[in-house]
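Have a look at model11.txt below; it lists compact mmCIF, C-alpha atoms.
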```
# COMPACT_ATOMS: atom_id res chain seq x y z
CA MET A 1 65.00 138.87 110.42
CA SER A 2 67.82 141.38 110.97
CA MET A 3 71.22 141.15 109.32
CA TRP A 4 72.82 140.07 112.60
CA SER A 5 70.35 137.27 113.17
CA PHE A 6 70.82 136.14 109.56
CA THR A 7 74.60 136.07 110.08
CA VAL A 8 74.25 134.24 113.39
CA PHE A 9 71.96 131.68 111.77
CA TRP A 10 74.51 130.78 109.10
CA ALA A 11 77.36 130.86 111.61
CA LEU A 12 75.50 128.41 113.84
CA ALA A 13 74.64 126.23 110.82
CA ALA A 14 78.31 126.17 109.79
CA LEU A 15 79.26 125.25 113.36
CA GLY A 16 76.78 122.38 113.27
CA VAL A 17 78.33 121.00 110.07
CA PHE A 18 81.83 121.46 111.48
CA GLY A 19 80.86 119.75 114.73
CA LEU A 20 79.35 116.81 112.83
CA TRP A 21 82.55 116.48 110.78
CA VAL A 22 84.76 116.56 113.88
CA THR A 23 82.50 114.07 115.66
CA LEU A 24 82.72 111.66 112.73
CA LEU A 25 86.52 111.94 112.61
CA ILE A 26 86.75 111.30 116.35
CA LEU A 27 84.15 108.57 116.81
CA GLY A 28 83.87 106.93 113.39
CA PRO A 29 86.86 104.54 113.59
CA ASN A 30 86.02 103.27 117.07
CA ARG A 31 84.83 99.72 117.67
CA MET A 32 81.79 100.83 119.67
CA PHE A 33 80.27 102.21 116.45
CA ARG A 34 81.12 99.26 114.23
CA GLY A 35 78.24 98.44 111.89
CA THR A 36 76.31 101.60 112.83
CA ALA A 37 75.32 104.72 110.91
CA VAL A 38 78.28 106.54 112.51
CA GLU A 39 80.78 104.13 110.93
CA ARG A 40 78.99 104.26 107.57
CA ALA A 41 79.01 108.07 107.63
CA TYR A 42 82.71 108.05 108.57
CA PHE A 43 83.64 105.88 105.58
CA ALA A 44 81.38 107.98 103.34
CA VAL A 45 83.23 111.15 104.35
CA THR A 46 86.76 109.73 104.40
CA GLU A 47 86.65 107.21 101.53
CA THR A 48 83.54 107.27 99.35
CA LEU A 49 83.37 111.05 98.89
CA PRO A 50 87.11 111.52 98.11
CA GLU A 51 87.00 108.63 95.62
CA ALA A 52 83.92 110.12 93.94
CA LEU A 53 85.61 113.53 93.74
CA GLU A 54 88.72 111.92 92.22
CA ARG A 55 86.64 110.15 89.53
CA TRP A 56 84.81 113.39 88.78
CA MET A 57 88.05 115.33 88.49
CA ARG A 58 89.65 112.75 86.19
CA SER A 59 86.62 112.77 83.91
CA GLY A 60 86.14 116.54 84.06
CA VAL A 61 89.60 118.15 84.15
CA GLY A 62 91.85 115.30 82.99
CA ASP A 63 94.33 112.96 84.60
CA ALA A 64 97.15 115.51 84.86
CA LEU A 65 95.25 118.02 87.01
CA ALA A 66 93.63 115.21 88.99
CA ALA A 67 97.08 113.77 89.75
CA ARG A 68 98.24 117.18 90.98
CA ALA A 69 95.17 117.47 93.17
CA GLU A 70 95.84 113.98 94.55
CA ARG A 71 99.44 114.92 95.39
CA ALA A 72 98.21 118.07 97.14
CA TRP A 73 95.65 116.02 99.08
CA ASN A 74 98.31 113.53 100.16
CA ALA A 75 100.60 116.38 101.21
CA LEU A 76 97.84 117.84 103.37
CA PHE A 77 96.33 114.68 104.81
CA GLY A 78 98.78 111.85 104.14
CA ARG A 79 101.91 113.46 105.56
CA ARG A 80 102.73 115.24 108.76
CA ASN A 81 101.94 118.96 108.44
CA PRO A 82 100.74 121.63 110.88
CA MET A 83 97.58 122.72 109.04
CA PHE A 84 95.05 121.14 111.41
CA GLN A 85 97.21 121.94 114.41
CA ILE A 86 97.29 125.63 113.48
CA PHE A 87 93.56 125.61 112.78
CA GLY A 88 92.84 123.99 116.16
CA VAL A 89 95.09 126.42 118.06
CA VAL A 90 93.55 129.45 116.32
CA LEU A 91 90.04 128.16 117.05
CA TYR A 92 90.94 127.51 120.70
CA TRP A 93 92.45 130.95 121.31
CA THR A 94 89.63 132.65 119.39
CA GLY A 95 87.19 130.95 121.70
CA LEU A 96 89.22 132.08 124.72
CA ALA A 97 89.27 135.65 123.38
CA VAL A 98 85.48 135.62 123.01
CA PHE A 99 85.21 134.19 126.53
CA PHE A 100 87.32 136.94 128.10
CA VAL A 101 85.62 139.71 126.10
CA GLN A 102 81.95 138.70 126.35
CA VAL A 103 81.74 136.24 129.25
CA ALA A 104 84.40 137.20 131.79
CA PRO A 105 83.01 140.73 132.46
CA TYR A 106 79.82 139.15 133.83
CA ILE A 107 81.60 136.78 136.27
CA PRO A 108 80.77 136.82 139.14
CA ASN A 109 77.01 136.96 138.63
CA ARG A 110 73.96 135.76 140.47
CA TYR A 111 74.61 132.21 139.18
CA ALA A 112 78.43 131.99 139.40
CA ALA A 113 80.52 133.22 142.36
CA SER A 114 83.87 135.01 142.13
CA TRP A 115 85.78 131.93 143.37
CA GLN A 116 85.03 130.34 140.00
CA TRP A 117 88.10 132.12 138.65
CA VAL A 118 90.36 129.75 140.62
CA PRO A 119 89.25 126.54 138.83
CA ILE A 120 88.97 128.47 135.55
CA GLY A 121 92.63 129.46 135.70
CA ALA A 122 93.81 126.06 136.94
CA THR A 123 91.88 124.14 134.28
CA LEU A 124 93.06 126.35 131.43
CA ALA A 125 96.68 126.15 132.62
CA ALA A 126 96.54 122.35 132.85
CA ASN A 127 94.82 122.05 129.48
CA ILE A 128 97.22 124.33 127.60
CA GLY A 129 100.27 122.86 129.35
CA SER A 130 99.31 119.25 128.60
CA TYR A 131 98.58 120.14 124.96
CA ILE A 132 102.01 121.71 124.51
CA ALA A 133 103.62 118.69 126.19
CA ALA A 134 101.70 116.22 123.97
CA CYS A 135 102.77 118.13 120.86
CA ALA A 136 106.41 118.55 121.84
CA ALA A 137 107.16 115.24 123.57
CA ASP A 138 108.81 112.34 121.79
CA PRO A 139 105.97 109.83 121.31
CA GLY A 140 108.43 106.94 121.48
CA VAL A 141 110.20 107.00 118.13
CA VAL A 142 112.16 103.82 117.44
CA SER A 143 115.62 104.59 116.11
CA ALA A 144 118.80 102.65 115.47
CA GLU A 145 120.13 103.92 118.80
CA ASN A 146 117.22 102.73 120.97
CA VAL A 147 115.75 99.79 119.04
CA ASP A 148 117.35 97.20 121.33
CA ALA A 149 115.93 98.83 124.46
CA ALA A 150 112.55 99.36 122.77
CA CYS A 151 112.30 95.66 121.97
CA GLN A 152 112.62 94.87 125.69
CA VAL A 153 109.64 96.93 126.83
CA PHE A 154 107.03 94.41 125.61
CA GLY A 155 107.23 90.75 124.69
CA TYR A 156 105.82 89.28 121.49
CA ASP A 157 102.51 87.50 121.98
CA HIS A 158 102.68 85.72 118.57
CA LEU A 159 99.05 86.64 118.02
CA LEU A 160 99.04 90.39 117.44
CA TYR A 161 102.80 90.83 117.18
CA PHE A 162 105.62 88.69 115.80
CA GLU A 163 109.39 89.15 115.62
CA ARG A 164 110.04 90.86 112.31
CA ASP A 165 111.66 93.89 110.76
CA CYS A 166 109.80 97.04 109.68
CA ARG A 167 109.68 97.01 105.88
CA THR A 168 110.15 100.79 105.77
CA CYS A 169 112.60 101.47 108.62
CA LEU A 170 114.53 98.23 107.89
CA GLN A 171 115.10 97.54 111.57
CA CYS A 172 113.58 95.30 114.22
CA LYS A 173 109.97 96.22 114.96
CA PRO A 174 109.24 96.19 118.73
CA ALA A 175 106.05 94.58 119.96
CA ARG A 176 103.13 97.03 120.16
CA SER A 177 104.90 99.47 117.81
CA LYS A 178 103.51 100.70 114.50
CA HIS A 179 105.01 102.46 111.53
CA CYS A 180 103.32 105.84 111.04
CA SER A 181 102.89 106.61 107.36
CA ALA A 182 102.42 110.31 108.10
CA CYS A 183 105.60 110.69 110.18
CA GLN A 184 107.58 107.96 108.36
CA ARG A 185 108.81 106.36 111.57
CA CYS A 186 107.99 103.53 113.97
CA VAL A 187 106.50 104.54 117.33
CA GLN A 188 106.43 102.44 120.50
CA MET A 189 102.94 101.46 121.71
CA MET A 190 101.47 103.73 119.04
CA ASP A 191 97.82 104.62 119.51
CA HIS A 192 97.24 106.82 116.47
CA HIS A 193 98.57 109.82 114.57
CA CYS A 194 96.73 112.90 115.83
CA ILE A 195 96.30 115.67 113.25
CA TRP A 196 95.42 118.15 116.02
CA LEU A 197 98.78 117.53 117.71
CA ASN A 198 100.71 117.12 114.46
CA ASN A 199 102.32 114.23 116.30
CA CYS A 200 101.82 110.57 117.01
CA VAL A 201 100.35 109.41 120.31
CA GLY A 202 102.57 106.68 121.71
CA LEU A 203 104.34 105.42 124.79
CA GLY A 204 106.27 108.67 125.29
CA ASN A 205 103.39 111.15 125.24
CA ALA A 206 100.20 109.12 125.87
CA ARG A 207 99.99 110.47 129.42
CA TRP A 208 100.03 114.06 128.16
CA PHE A 209 97.43 113.21 125.54
CA LEU A 210 95.12 111.68 128.17
CA CYS A 211 95.68 114.68 130.43
CA PHE A 212 94.86 117.02 127.55
CA LEU A 213 91.65 115.13 126.72
CA ALA A 214 90.54 115.02 130.36
CA THR A 215 91.18 118.73 130.97
CA PHE A 216 89.69 119.68 127.59
CA SER A 217 86.52 117.80 128.53
CA ILE A 218 86.42 119.81 131.75
CA VAL A 219 87.04 123.04 129.81
CA CYS A 220 84.12 122.26 127.49
CA VAL A 221 81.70 121.27 130.27
CA TYR A 222 82.77 124.09 132.57
CA GLY A 223 82.76 126.60 129.73
CA THR A 224 79.23 125.60 128.73
CA TYR A 225 78.10 126.09 132.32
CA LEU A 226 79.76 129.51 132.65
CA VAL A 227 78.45 130.79 129.31
CA GLY A 228 75.02 129.54 130.34
CA THR A 229 75.15 131.52 133.59
CA VAL A 230 76.13 134.66 131.67
CA ILE A 231 73.23 134.18 129.26
CA LEU A 232 70.87 133.93 132.22
CA GLU A 233 72.52 136.99 133.79
CA LEU A 234 72.14 139.00 130.57
CA ARG A 235 68.42 138.26 130.61
CA HIS A 236 68.29 140.17 133.89
CA VAL A 237 70.68 142.91 132.73
CA HIS A 238 68.49 143.64 129.69
CA GLY A 239 65.23 143.30 131.60
CA LEU A 240 64.17 140.23 129.69
CA ALA A 241 63.72 137.97 132.69
CA ASP A 242 60.76 139.97 134.03
CA SER A 243 59.25 141.20 130.75
CA ALA A 244 56.22 139.65 129.16
CA VAL A 245 56.72 141.27 125.75
CA ILE A 246 59.38 143.03 123.68
CA TRP A 247 58.91 145.43 120.77
CA ASP A 248 60.13 144.49 117.30
CA GLU A 249 61.56 146.87 114.68
CA LEU A 250 58.04 147.89 113.58
CA GLY A 251 56.95 148.73 117.10
CA GLN A 252 54.73 145.67 117.43
CA PRO A 253 54.63 143.73 120.73
CA VAL A 254 56.11 140.22 120.61
CA GLN A 255 55.31 137.62 123.24
CA LEU A 256 58.49 136.88 125.18
CA SER A 257 59.24 133.28 126.17
CA PHE A 258 62.51 131.97 127.59
CA LYS A 259 63.54 130.68 124.16
CA SER A 260 62.71 133.94 122.39
CA SER A 261 64.55 135.95 125.05
CA VAL A 262 67.69 133.87 124.53
CA LEU A 263 67.43 134.24 120.75
CA TYR A 264 66.97 137.98 121.24
CA LEU A 265 70.19 138.05 123.26
CA PHE A 266 72.01 136.01 120.61
CA ASP A 267 70.96 138.65 118.07
CA GLY A 268 72.81 141.25 120.12
CA TYR A 269 75.71 139.00 121.17
CA PRO A 270 76.49 136.92 118.06
CA LEU A 271 79.98 135.89 119.19
CA LEU A 272 78.57 134.69 122.50
CA ALA A 273 76.02 132.62 120.58
CA VAL A 274 78.72 131.09 118.38
CA LEU A 275 80.84 130.21 121.42
CA PHE A 276 77.89 128.65 123.23
CA VAL A 277 76.88 126.50 120.26
CA LEU A 278 80.51 125.48 119.61
CA LEU A 279 80.79 124.30 123.22
CA LEU A 280 77.50 122.43 122.96
CA VAL A 281 78.79 120.65 119.85
CA LEU A 282 82.28 119.87 121.15
CA THR A 283 81.35 118.80 124.69
CA PRO A 284 79.67 115.45 123.88
CA ALA A 285 82.18 114.59 121.13
CA ILE A 286 85.23 115.29 123.30
CA GLY A 287 83.59 113.66 126.33
CA ILE A 288 82.82 110.43 124.45
CA PHE A 289 86.30 110.30 122.92
CA THR A 290 87.92 110.92 126.31
CA ALA A 291 85.87 108.14 127.89
CA TYR A 292 86.81 105.84 125.02
CA GLN A 293 90.55 106.57 125.39
CA LEU A 294 90.43 106.07 129.15
CA ARG A 295 88.50 102.83 128.69
CA ILE A 296 90.91 101.22 126.21
CA THR A 297 93.87 102.39 128.31
CA ALA A 298 92.37 100.74 131.41
CA LEU A 299 91.70 97.56 129.40
CA GLY A 300 95.31 97.38 128.24
CA TYR A 301 95.19 98.07 124.51
CA THR A 302 95.48 100.97 122.07
CA SER A 303 93.21 102.14 119.28
CA ASN A 304 95.72 100.64 116.84
CA GLU A 305 95.44 97.30 118.63
CA GLU A 306 91.66 97.57 118.65
CA THR A 307 91.72 96.99 114.90
CA LYS A 308 93.92 93.93 115.45
CA TRP A 309 91.50 92.59 118.07
CA LEU A 310 88.63 93.12 115.64
CA ASN A 311 90.48 90.94 113.16
CA ILE A 312 91.00 88.30 115.86
CA SER A 313 87.28 88.50 116.69
CA ASP A 314 86.44 87.85 113.03
CA ALA A 315 88.92 84.96 112.99
CA VAL A 316 87.23 83.45 116.07
CA LYS A 317 83.88 83.62 114.26
CA ASP A 318 85.48 81.95 111.22
CA GLY A 319 86.71 79.09 113.43
CA VAL A 320 90.44 79.56 112.80
CA VAL A 321 91.62 80.53 116.31
CA PHE A 322 92.93 77.73 118.55
CA ALA A 323 94.67 77.18 121.87
CA VAL A 324 97.67 75.18 120.70
CA ARG A 325 100.17 72.95 122.55
CA ASP A 326 103.48 72.04 120.95
CA HIS A 327 103.33 68.47 122.35
CA GLU A 328 100.82 66.21 124.10
CA ASP A 329 102.78 66.37 127.33
CA THR A 330 103.15 70.17 127.25
CA PRO A 331 100.53 71.88 129.44
CA HIS A 332 101.32 75.39 128.18
CA GLU A 333 98.96 76.66 125.48
CA THR A 334 99.42 79.53 123.05
CA ILE A 335 96.64 81.23 121.11
CA GLN A 336 97.27 81.03 117.38
CA VAL A 337 95.44 81.57 114.13
CA ILE A 338 95.52 78.50 111.90
CA GLU A 339 93.89 79.01 108.52
CA LYS A 340 91.48 76.32 107.36
CA GLU A 341 93.72 75.16 104.54
CA ASP A 342 96.54 74.57 107.06
CA GLN A 343 94.50 72.80 109.75
CA THR A 344 94.72 69.35 108.17
CA ASP A 345 98.51 69.39 108.01
CA ASP A 346 98.93 70.82 111.53
CA ALA A 347 99.08 67.83 113.89
CA ARG A 348 99.69 69.74 117.11
CA PRO A 349 97.16 69.25 119.93
CA ARG A 350 94.67 72.12 119.89
CA ARG A 351 91.23 73.16 120.98
CA PRO A 352 89.06 75.76 119.21
CA ILE A 353 88.38 79.15 120.74
CA SER A 354 84.66 79.90 120.67
CA HIS A 355 84.65 83.49 121.95
CA LEU A 356 87.00 86.45 122.03
CA ARG A 357 86.79 86.63 125.84
CA HIS A 358 88.68 83.33 125.95
CA VAL A 359 91.67 84.95 124.22
CA PRO A 360 93.96 86.49 126.86
CA ASN A 361 95.65 89.83 126.27
CA MET A 362 99.19 89.48 127.60
CA TYR A 363 99.55 93.27 127.72
CA ASP A 364 96.62 93.68 130.12
CA ARG A 365 97.96 94.13 133.67
CA GLY A 366 94.60 95.13 135.14
CA PRO A 367 92.91 98.55 134.98
CA TRP A 368 94.96 100.31 137.67
CA LEU A 369 98.35 98.98 136.53
CA ASN A 370 97.48 99.71 132.89
CA LEU A 371 96.73 103.34 133.73
CA LYS A 372 99.80 103.54 135.94
CA PHE A 373 102.01 102.22 133.14
CA VAL A 374 100.74 104.84 130.68
CA LEU A 375 100.88 107.71 133.17
CA PHE A 376 104.33 106.69 134.42
CA PRO A 377 106.03 104.89 131.51
CA PRO A 378 109.40 103.20 132.04
CA ARG A 379 112.45 105.40 131.64
CA PRO A 380 114.88 104.41 128.87
CA GLU A 381 117.67 103.78 131.39
CA SER A 382 115.45 101.34 133.32
CA VAL A 383 114.97 99.08 130.30
CA PRO A 384 117.44 96.22 129.78
CA LYS A 385 119.72 96.70 126.80
CA ALA A 386 119.94 93.06 125.74
CA HIS A 387 118.02 92.42 122.53
CA GLN A 388 115.69 89.47 122.28
CA SER A 389 115.39 88.27 118.74
```
File written out as structure tokens:
Amino acid sequence: MSMWSFTVFWALAALGVFGLWVTLLILGPNRMFRGTAVERAYFAVTETLPEALERWMRSGVGDALAARAERAWNALFGRRNPMFQIFGVVLYWTGLAVFFVQVAPYIPNRYAASWQWVPIGATLAANIGSYIAACAADPGVVSAENVDAACQVFGYDHLLYFERDCRTCLQCKPARSKHCSACQRCVQMMDHHCIWLNNCVGLGNARWFLCFLATFSIVCVYGTYLVGTVILELRHVHGLADSAVIWDELGQPVQLSFKSSVLYLFDGYPLLAVLFVLLLVLTPAIGIFTAYQLRITALGYTSNEETKWLNISDAVKDGVVFAVRDHEDTPHETIQVIEKEDQTDDARPRRPISHLRHVPNMYDRGPWLNLKFVLFPPRPESVPKAHQS
């Protein structure tokens, strides 16, 4: 094995580990993988391994150095900082540089026509533009100046959200908002804090985030296709498509299959190989995450609320969720959680909820209106200023 092929091998192995790590971070917390090996691996990487390293450091280097390491860890991962954002941007533009140096010169080719440059340019422009917008836009920060208007955007369902003050911000907490521990602020309709944006994803920038994910999925799929056409073209350029054998460094004939011809090309184009494998790793992970985000948006909830709905699902299984009426002659029912120790003393008319599908989501307007609301959120001036306590 030559030095180049040895280097490419380890580069591809490192990419595989990196891709697995990114995939776990993206997919691990999602409900679709609850109780699966993906969720167990996610908690092993994000909780079990750090806790084991902390115990090892405290026993090996002492509490003082371990405490410093813990503070450094919290500064990197527990607070807003641009480390992952910078890493992601550098990786993105490095990939683009490799594309324009080693892929672009062979487009058009016998598998990709010259008109491909039109969608290439349009997709890249949309992807980069939406990323910048998602990073720079206000995600919907709740401040003393806009808290009254923010509280009017959504009503309280008294199941997931109740009228109360944020214990950190010390101001009214709007329904569907969440306090971000990394940014130290409450965000309207917060989905999650994205380390790749160095920003929260909320009501103000969710549309840009969805646009970024959708166009990035297209970039990955389209990029994989284009790199694949160039690999096939290079087989013809180097005479590998029509050759039965090639000669190794010792002058011995080697039977040439399609797989061996591609590996031979990778030996001569290591950066092309790295780009191709990176795209193969990222494409399914980004595609699944994009589909997940679009799905929960269409269903009318956020990834933050997904955790709340999981808790409600567990409560339904525990038999503590009821449709409650305030009086016998009141037809209106509200869904409430009544703990078992409180059920005897609660004399209100009620019926048990046997399945989560019987619990309505008051924030679900229907798939089209849910998407429309996120893509075209209400302007601050269109929201009533009167505060509902």
Separation of atom CA of Val101 of chain A and atom CA of Leu197 of chain A, in Å?
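Atom-to-atom, atom CA of Val101 of chain A and atom CA of Leu197 of chain A are spaced 27.1 Å apart.
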Any idea what's packed within 7 Å of segment 112-123 of chain A, counting all atoms listed in the file, ignoring anything in its chain fewer than 6 positions away? Could you give it as a list of chain:residue names?
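What passes the distance filter is A:Thr215, A:Val219, A:Thr229.
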Excluding same-chain residues fewer than 4 positions from Asp157 of chain A, what lies within 9 Å of it counting only C-alpha atoms, as a PDB file with C-alpha atoms, keeping the file's coordinate frame?
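File out-v9.pdb, as written:
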```
ATOM      1  CA  TYR A 161     102.800  90.830 117.180  1.00  0.00           C
ATOM      2  CA  PHE A 162     105.620  88.690 115.800  1.00  0.00           C
ATOM      3  CA  ALA A 175     106.050  94.580 119.960  1.00  0.00           C
ATOM      4  CA  THR A 334      99.420  79.530 123.050  1.00  0.00           C
ATOM      5  CA  ILE A 335      96.640  81.230 121.110  1.00  0.00           C
ATOM      6  CA  ASN A 361      95.650  89.830 126.270  1.00  0.00           C
ATOM      7  CA  MET A 362      99.190  89.480 127.600  1.00  0.00           C
ATOM      8  CA  TYR A 363      99.550  93.270 127.720  1.00  0.00           C
TER       9      TYR A 363
END
```
Compare A:Cys194, A:Ala64, A:Arg167, A:Gly140 by their minimum atom-to-atom distance to Gln85 of chain A, counting all atoms listed in the file, and give me the closest one.
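Between A:Cys194, A:Ala64, A:Arg167, A:Gly140, the residue approaching Gln85 of chain A most closely is A:Cys194.
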I need every residue sitting at most 12 Å from the point (75.5, 138.9, 121.6) (coordinates as in the file, only C-alpha atoms considered), written as JSON, numbers by chain.
{"A": [4, 5, 7, 8, 98, 99, 101, 102, 103, 227, 230, 231, 234, 235, 238, 261, 262, 263, 264, 265, 266, 267, 268, 269, 270, 271, 272, 273, 274, 275, 276]}
Go through A:Val147, A:Trp56, A:Gln171, A:Asn198 one by one, measure the shortest atom-to-atom distance of each to Ile86 of chain A using all atoms listed in the file, and give the residue with the smallest value.
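Of all the options, A:Asn198 lies closest to Ile86 of chain A.
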Pick the closest to Leu279 of chain A from A:Ser313, A:Thr224, A:Ser181, A:Ser260: which is it, counting only C-alpha atoms?
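Ranked by minimum distance to Leu279 of chain A, first place goes to A:Thr224.
Shell of Val374 of chain A at 9 Å, with all atoms listed in the file counted and residues fewer than 4 places along the chain excluded, is Leu203, Gly204, Asn205, Ala206, Arg207, Thr297, Leu369, Asn370 and Pro378 of chain A.
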Which of these residues is nearest to Tyr111 of chain A, using all atoms listed in the file: A:Phe212, A:Trp196, A:Phe289, A:Tyr225?
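Once distances to Tyr111 of chain A are computed over all atoms listed in the file, the minimum belongs to A:Tyr225.
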A straight line from atom CA of Gln188 of chain A to atom CA of Ser143 of chain A spans 10.4 Å
Separation of atom CA of Trp208 of chain A from atom CA of Ile132 of chain A in Å
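Rounded to one decimal, the two atoms are 8.7 Å apart.
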I'd like the box whose edges run along x, y and z of the file and which contains every listed atom of segment 38-43 of chain A, padded by 8 Å per side; could you state its centre and edge lengths in Å, one decimal, as JSON?
```
{"center_x": 81.0, "center_y": 106.1, "center_z": 109.0, "size_x": 21.4, "size_y": 19.9, "size_z": 22.9}
```
